[in-house]
Amino acid sequence: MRMKQLAVILFLAGFLGTARAADTYKIDPAHSSIGFSVKHLVISTVKGNFTDYAGTILFNEKDVTKSSVKVVIKSASINTGIAARDNHLRSPDFFATEKYPELTFESKRVEKRPEGYAAMGTLTMRGVSKEVVLPFTLSGPITDPWGKSRIAAESGLTVNRQDYGVSWSQKLDNGGLVVSDEVKIELAVEAVKE
């Protein structure tokens with residue numbers, strides 16, 4: 001009986017030790033950006049960003065495979081600097097922000113790669129969830145002048161908006177689209193240890 005109790009205690013100690021090995025970091029919106037760019041009329045690039053988001057990164061410096069990330073973006077916070085365009089992007093033609101107020105990414109696993117890292121997980125937009133690979137580079141952790149630990153990550157990927165039901169468009173005479181189907185997403189986040 002004592003051996004069983006000892007085994008349970010050792011298992012729990014090991015489990016808690018592993019759980020504690022990952023530090024919790026919260027994204028610092030004052031030093032982060034979540035942006036996107038898309039081709040307009042085939043010839044130019046329009047950029048925008050989201051201004052309201054939050055996220056948590058569980059970072060295990062010794063074993064990155066025990067790390068994870070979850071980000072929630074408020075879709076109505078889309079900003080391209082043109083109010084009429086932003087309102088159109090919030091409408092059912094694009095993000096339908098009243099019906100789908102959030103875009104989310106939640107990792108299922110994180111791995112080290114020769115060129116950096118990758119987070120494999122689920123991107124949900126307009127109620128549609130797709131598995132994506134989010135390659136990223138990582139800096140830190142460092143200690144800031146106020147004694148807090150910080151990490152930073154930069155990433156980018158391209159998605160097809162049609163895959164997520166963001167399907168409004170018009171064709172040009174030459175067959176091109178007013179708004180490209182391919183959207184580049186660019187992330188630069190800094191996070192502070194809790």
# chains A, B, ... in the order shown; residues from 1 in each chain; ligands from 1
>>> residues_around(residues="stretch 23-34 of chain A", least_positions_apart="4", cutoff="12 Å", atoms="only C-alpha atoms", output="short mmCIF file (atom, residue, chain, number, x, y, z; two decimals) with C-alpha atoms, in the first residue's frame")
data_model
loop_
_atom_site.label_atom_id
_atom_site.label_comp_id
_atom_site.auth_asym_id
_atom_site.auth_seq_id
_atom_site.Cartn_x
_atom_site.Cartn_y
_atom_site.Cartn_z
CA GLY A 17 6.88 20.05 -11.88
CA THR A 18 6.19 19.72 -15.62
CA ALA A 19 3.14 21.99 -15.41
CA LYS A 47 -2.77 47.20 -45.25
CA GLY A 48 -4.75 47.15 -42.06
CA ASN A 49 -4.68 45.90 -38.51
CA PHE A 50 -6.78 44.87 -35.55
CA THR A 51 -6.63 47.08 -32.48
CA ASP A 52 -8.43 44.96 -29.85
CA TYR A 53 -6.97 41.57 -28.98
CA ALA A 54 -5.63 39.51 -26.11
CA GLY A 55 -3.60 36.38 -25.83
CA THR A 56 -1.75 34.00 -23.57
CA ILE A 57 1.51 32.23 -24.32
CA LEU A 58 2.59 29.32 -22.18
CA PHE A 59 6.34 29.17 -22.78
CA ASN A 60 8.59 26.34 -21.69
CA GLU A 61 12.15 27.46 -22.39
CA LYS A 62 13.63 23.99 -21.77
CA ASP A 63 11.12 22.08 -23.90
CA VAL A 64 9.28 24.21 -26.47
CA LYS A 66 5.31 21.97 -23.91
CA SER A 67 4.51 25.53 -24.99
CA SER A 68 1.21 26.83 -26.37
CA VAL A 69 -0.51 29.98 -27.55
CA LYS A 70 -4.07 31.26 -27.65
CA VAL A 71 -5.10 34.59 -29.20
CA VAL A 72 -8.55 36.21 -29.40
CA ILE A 73 -9.08 39.15 -31.78
CA LYS A 74 -12.20 41.33 -31.74
CA SER A 75 -13.22 41.42 -35.41
CA SER A 77 -11.58 46.38 -34.25
CA ILE A 78 -10.46 46.08 -37.89
CA ASN A 79 -8.79 49.30 -39.03
CA LEU A 103 -11.26 35.60 -34.62
CA GLY A 140 13.88 36.39 -25.17
CA PRO A 141 13.12 35.91 -22.47
CA LYS A 148 9.45 41.79 -15.57
CA SER A 149 10.27 38.92 -17.91
CA ARG A 150 9.31 39.45 -21.57
CA ILE A 151 9.35 37.42 -24.77
CA ALA A 152 8.58 38.46 -28.34
CA ALA A 153 7.46 36.54 -31.40
CA GLU A 154 7.14 37.50 -35.06
CA SER A 155 5.16 35.50 -37.56
CA GLY A 156 3.41 35.63 -40.87
CA LEU A 157 1.24 33.39 -42.99
CA LYS A 184 -1.14 38.00 -45.68
CA ILE A 185 -1.32 38.04 -41.90
CA GLU A 186 1.57 39.64 -40.01
CA LEU A 187 2.10 39.33 -36.26
CA ALA A 188 4.63 41.00 -34.01
CA VAL A 189 3.82 40.38 -30.37
CA GLU A 190 5.52 41.11 -27.10
CA ALA A 191 4.32 39.34 -23.97
CA VAL A 192 4.90 39.87 -20.26
CA LYS A 193 5.23 37.08 -17.70
CA GLU A 194 2.44 37.03 -15.18
#
>>> select_by_dssp(residues="stretch 42-115 of chain A", states="strand (DSSP E or B)", output="JSON, numbers by chain")
{"A": [44, 45, 46, 47, 48, 49, 50, 53, 54, 55, 56, 57, 58, 59, 68, 69, 70, 71, 72, 73, 74, 78, 79, 102, 103, 104, 105, 106, 107, 108, 109, 110, 111, 112, 113]}
>>> write_last_selection(atoms="N, CA and C atoms", output="short mmCIF file (atom, residue, chain, number, x, y, z; two decimals), in the first residue's frame")
data_model
loop_
_atom_site.label_atom_id
_atom_site.label_comp_id
_atom_site.auth_asym_id
_atom_site.auth_seq_id
_atom_site.Cartn_x
_atom_site.Cartn_y
_atom_site.Cartn_z
N SER A 44 -2.23 47.08 -56.37
CA SER A 44 -1.72 47.74 -55.17
C SER A 44 -2.01 46.89 -53.93
N THR A 45 -1.33 47.22 -52.84
CA THR A 45 -1.50 46.49 -51.59
C THR A 45 -2.12 47.41 -50.55
N VAL A 46 -3.20 46.96 -49.94
CA VAL A 46 -3.86 47.70 -48.86
C VAL A 46 -3.53 46.98 -47.56
N LYS A 47 -3.13 47.77 -46.56
CA LYS A 47 -2.77 47.20 -45.25
C LYS A 47 -3.77 47.64 -44.19
N GLY A 48 -3.89 46.82 -43.19
CA GLY A 48 -4.75 47.15 -42.06
C GLY A 48 -4.29 46.40 -40.83
N ASN A 49 -5.01 46.61 -39.75
CA ASN A 49 -4.68 45.90 -38.51
C ASN A 49 -5.92 45.75 -37.64
N PHE A 50 -5.76 45.00 -36.58
CA PHE A 50 -6.78 44.87 -35.55
C PHE A 50 -6.24 45.54 -34.30
N TYR A 53 -7.29 42.99 -29.04
CA TYR A 53 -6.97 41.57 -28.98
C TYR A 53 -6.30 41.27 -27.65
N ALA A 54 -6.29 39.99 -27.33
CA ALA A 54 -5.63 39.51 -26.11
C ALA A 54 -5.12 38.11 -26.38
N GLY A 55 -4.12 37.72 -25.63
CA GLY A 55 -3.60 36.38 -25.83
C GLY A 55 -2.72 35.93 -24.69
N THR A 56 -2.58 34.62 -24.59
CA THR A 56 -1.75 34.00 -23.57
C THR A 56 -0.77 33.05 -24.25
N ILE A 57 0.47 33.14 -23.84
CA ILE A 57 1.51 32.23 -24.32
C ILE A 57 2.04 31.47 -23.13
N LEU A 58 1.95 30.15 -23.17
CA LEU A 58 2.59 29.32 -22.18
C LEU A 58 3.93 28.91 -22.79
N PHE A 59 5.01 29.37 -22.19
CA PHE A 59 6.34 29.17 -22.78
C PHE A 59 7.21 28.33 -21.87
N SER A 68 2.46 26.66 -25.63
CA SER A 68 1.21 26.83 -26.37
C SER A 68 0.87 28.30 -26.48
N VAL A 69 -0.07 28.60 -27.37
CA VAL A 69 -0.51 29.98 -27.55
C VAL A 69 -1.99 30.02 -27.87
N LYS A 70 -2.66 31.03 -27.34
CA LYS A 70 -4.07 31.26 -27.65
C LYS A 70 -4.26 32.77 -27.79
N VAL A 71 -4.87 33.17 -28.92
CA VAL A 71 -5.10 34.59 -29.20
C VAL A 71 -6.57 34.79 -29.59
N VAL A 72 -7.18 35.84 -29.05
CA VAL A 72 -8.55 36.21 -29.40
C VAL A 72 -8.53 37.65 -29.92
N ILE A 73 -9.06 37.84 -31.14
CA ILE A 73 -9.08 39.15 -31.78
C ILE A 73 -10.54 39.58 -31.94
N LYS A 74 -10.85 40.80 -31.54
CA LYS A 74 -12.20 41.33 -31.74
C LYS A 74 -12.30 41.81 -33.20
N ILE A 78 -11.20 45.98 -36.63
CA ILE A 78 -10.46 46.08 -37.89
C ILE A 78 -10.30 47.55 -38.27
N ASN A 79 -9.09 47.90 -38.75
CA ASN A 79 -8.79 49.30 -39.03
C ASN A 79 -7.87 49.39 -40.24
N GLU A 102 -15.46 37.44 -32.90
CA GLU A 102 -14.07 37.10 -32.59
C GLU A 102 -13.42 36.25 -33.68
N LEU A 103 -12.13 36.48 -33.86
CA LEU A 103 -11.26 35.60 -34.62
C LEU A 103 -10.33 34.99 -33.59
N THR A 104 -10.04 33.70 -33.71
CA THR A 104 -9.19 33.07 -32.70
C THR A 104 -8.13 32.18 -33.35
N PHE A 105 -7.03 32.04 -32.63
CA PHE A 105 -6.03 31.03 -32.96
C PHE A 105 -5.67 30.32 -31.67
N GLU A 106 -5.70 28.98 -31.72
CA GLU A 106 -5.30 28.19 -30.56
C GLU A 106 -4.40 27.06 -31.04
N SER A 107 -3.20 27.03 -30.49
CA SER A 107 -2.25 26.00 -30.93
C SER A 107 -2.60 24.64 -30.35
N LYS A 108 -2.22 23.61 -31.11
CA LYS A 108 -2.35 22.23 -30.65
C LYS A 108 -0.98 21.67 -30.31
N ARG A 109 0.05 22.18 -31.00
CA ARG A 109 1.42 21.80 -30.66
C ARG A 109 2.38 22.85 -31.19
N VAL A 110 3.54 22.89 -30.57
CA VAL A 110 4.60 23.82 -30.96
C VAL A 110 5.87 22.99 -31.14
N GLU A 111 6.64 23.31 -32.18
CA GLU A 111 7.87 22.57 -32.41
C GLU A 111 8.99 23.49 -32.86
N LYS A 112 10.20 23.05 -32.60
CA LYS A 112 11.41 23.75 -33.05
C LYS A 112 11.70 23.29 -34.46
N ARG A 113 12.08 24.23 -35.33
CA ARG A 113 12.45 23.93 -36.70
C ARG A 113 13.79 24.58 -36.99
#
>>> atom_distance(atom1="atom CA of A:Val183", atom2="atom CA of A:Lys39")
7.9 Å
>>> residues_around(residues="A:Glu131", least_positions_apart="4", cutoff="9 Å", atoms="only C-alpha atoms", output="PDB file with N, CA and C atoms, in the first residue's frame")
ATOM      1  N   MET A 120       1.303  24.727 -34.652  1.00  0.00           N
ATOM      2  CA  MET A 120       0.237  24.114 -35.418  1.00  0.00           C
ATOM      3  C   MET A 120      -1.036  24.239 -34.599  1.00  0.00           C
ATOM      4  N   GLY A 121      -2.100  24.744 -35.233  1.00  0.00           N
ATOM      5  CA  GLY A 121      -3.318  24.924 -34.468  1.00  0.00           C
ATOM      6  C   GLY A 121      -4.491  25.305 -35.325  1.00  0.00           C
ATOM      7  N   THR A 122      -5.531  25.797 -34.671  1.00  0.00           N
ATOM      8  CA  THR A 122      -6.800  26.087 -35.333  1.00  0.00           C
ATOM      9  C   THR A 122      -7.017  27.590 -35.408  1.00  0.00           C
ATOM     10  N   LEU A 123      -7.210  28.075 -36.643  1.00  0.00           N
ATOM     11  CA  LEU A 123      -7.580  29.466 -36.886  1.00  0.00           C
ATOM     12  C   LEU A 123      -9.068  29.493 -37.189  1.00  0.00           C
ATOM     13  N   THR A 124      -9.806  30.289 -36.426  1.00  0.00           N
ATOM     14  CA  THR A 124     -11.251  30.396 -36.618  1.00  0.00           C
ATOM     15  C   THR A 124     -11.597  31.826 -36.997  1.00  0.00           C
TER      16      THR A 124
END
>>> select_by_dssp(residues="stretch 41-157 of chain A", states="alpha helix (DSSP H)", output="ChimeraX atom specification")
/A:83-90
>>> write_last_selection(atoms="N, CA and C atoms", output="PDB file, in the first residue's frame")
ATOM      1  N   ALA A  83     -12.789  54.965 -42.824  1.00  0.00           N
ATOM      2  CA  ALA A  83     -13.991  54.563 -42.077  1.00  0.00           C
ATOM      3  C   ALA A  83     -14.994  53.812 -42.948  1.00  0.00           C
ATOM      4  N   ALA A  84     -15.242  54.279 -44.158  1.00  0.00           N
ATOM      5  CA  ALA A  84     -16.227  53.612 -45.030  1.00  0.00           C
ATOM      6  C   ALA A  84     -15.783  52.189 -45.356  1.00  0.00           C
ATOM      7  N   ARG A  85     -14.500  52.009 -45.643  1.00  0.00           N
ATOM      8  CA  ARG A  85     -13.985  50.667 -45.941  1.00  0.00           C
ATOM      9  C   ARG A  85     -14.060  49.782 -44.697  1.00  0.00           C
ATOM     10  N   ASP A  86     -13.705  50.335 -43.540  1.00  0.00           N
ATOM     11  CA  ASP A  86     -13.761  49.554 -42.304  1.00  0.00           C
ATOM     12  C   ASP A  86     -15.183  49.096 -42.007  1.00  0.00           C
ATOM     13  N   ASN A  87     -16.158  49.968 -42.229  1.00  0.00           N
ATOM     14  CA  ASN A  87     -17.562  49.593 -42.020  1.00  0.00           C
ATOM     15  C   ASN A  87     -17.978  48.488 -42.984  1.00  0.00           C
ATOM     16  N   HIS A  88     -17.503  48.562 -44.229  1.00  0.00           N
ATOM     17  CA  HIS A  88     -17.809  47.505 -45.198  1.00  0.00           C
ATOM     18  C   HIS A  88     -17.169  46.184 -44.754  1.00  0.00           C
ATOM     19  N   LEU A  89     -15.943  46.243 -44.244  1.00  0.00           N
ATOM     20  CA  LEU A  89     -15.275  45.032 -43.768  1.00  0.00           C
ATOM     21  C   LEU A  89     -15.984  44.421 -42.567  1.00  0.00           C
ATOM     22  N   ARG A  90     -16.666  45.244 -41.765  1.00  0.00           N
ATOM     23  CA  ARG A  90     -17.415  44.739 -40.606  1.00  0.00           C
ATOM     24  C   ARG A  90     -18.761  44.137 -41.011  1.00  0.00           C
TER      25      ARG A  90
END
>>> atom_distance(atom1="atom CA of A:Val179", atom2="atom CA of A:Gly81")
16.8 Å
>>> atom_distance(atom1="atom CA of A:Ser167", atom2="atom CA of A:Phe94")
6.8 Å
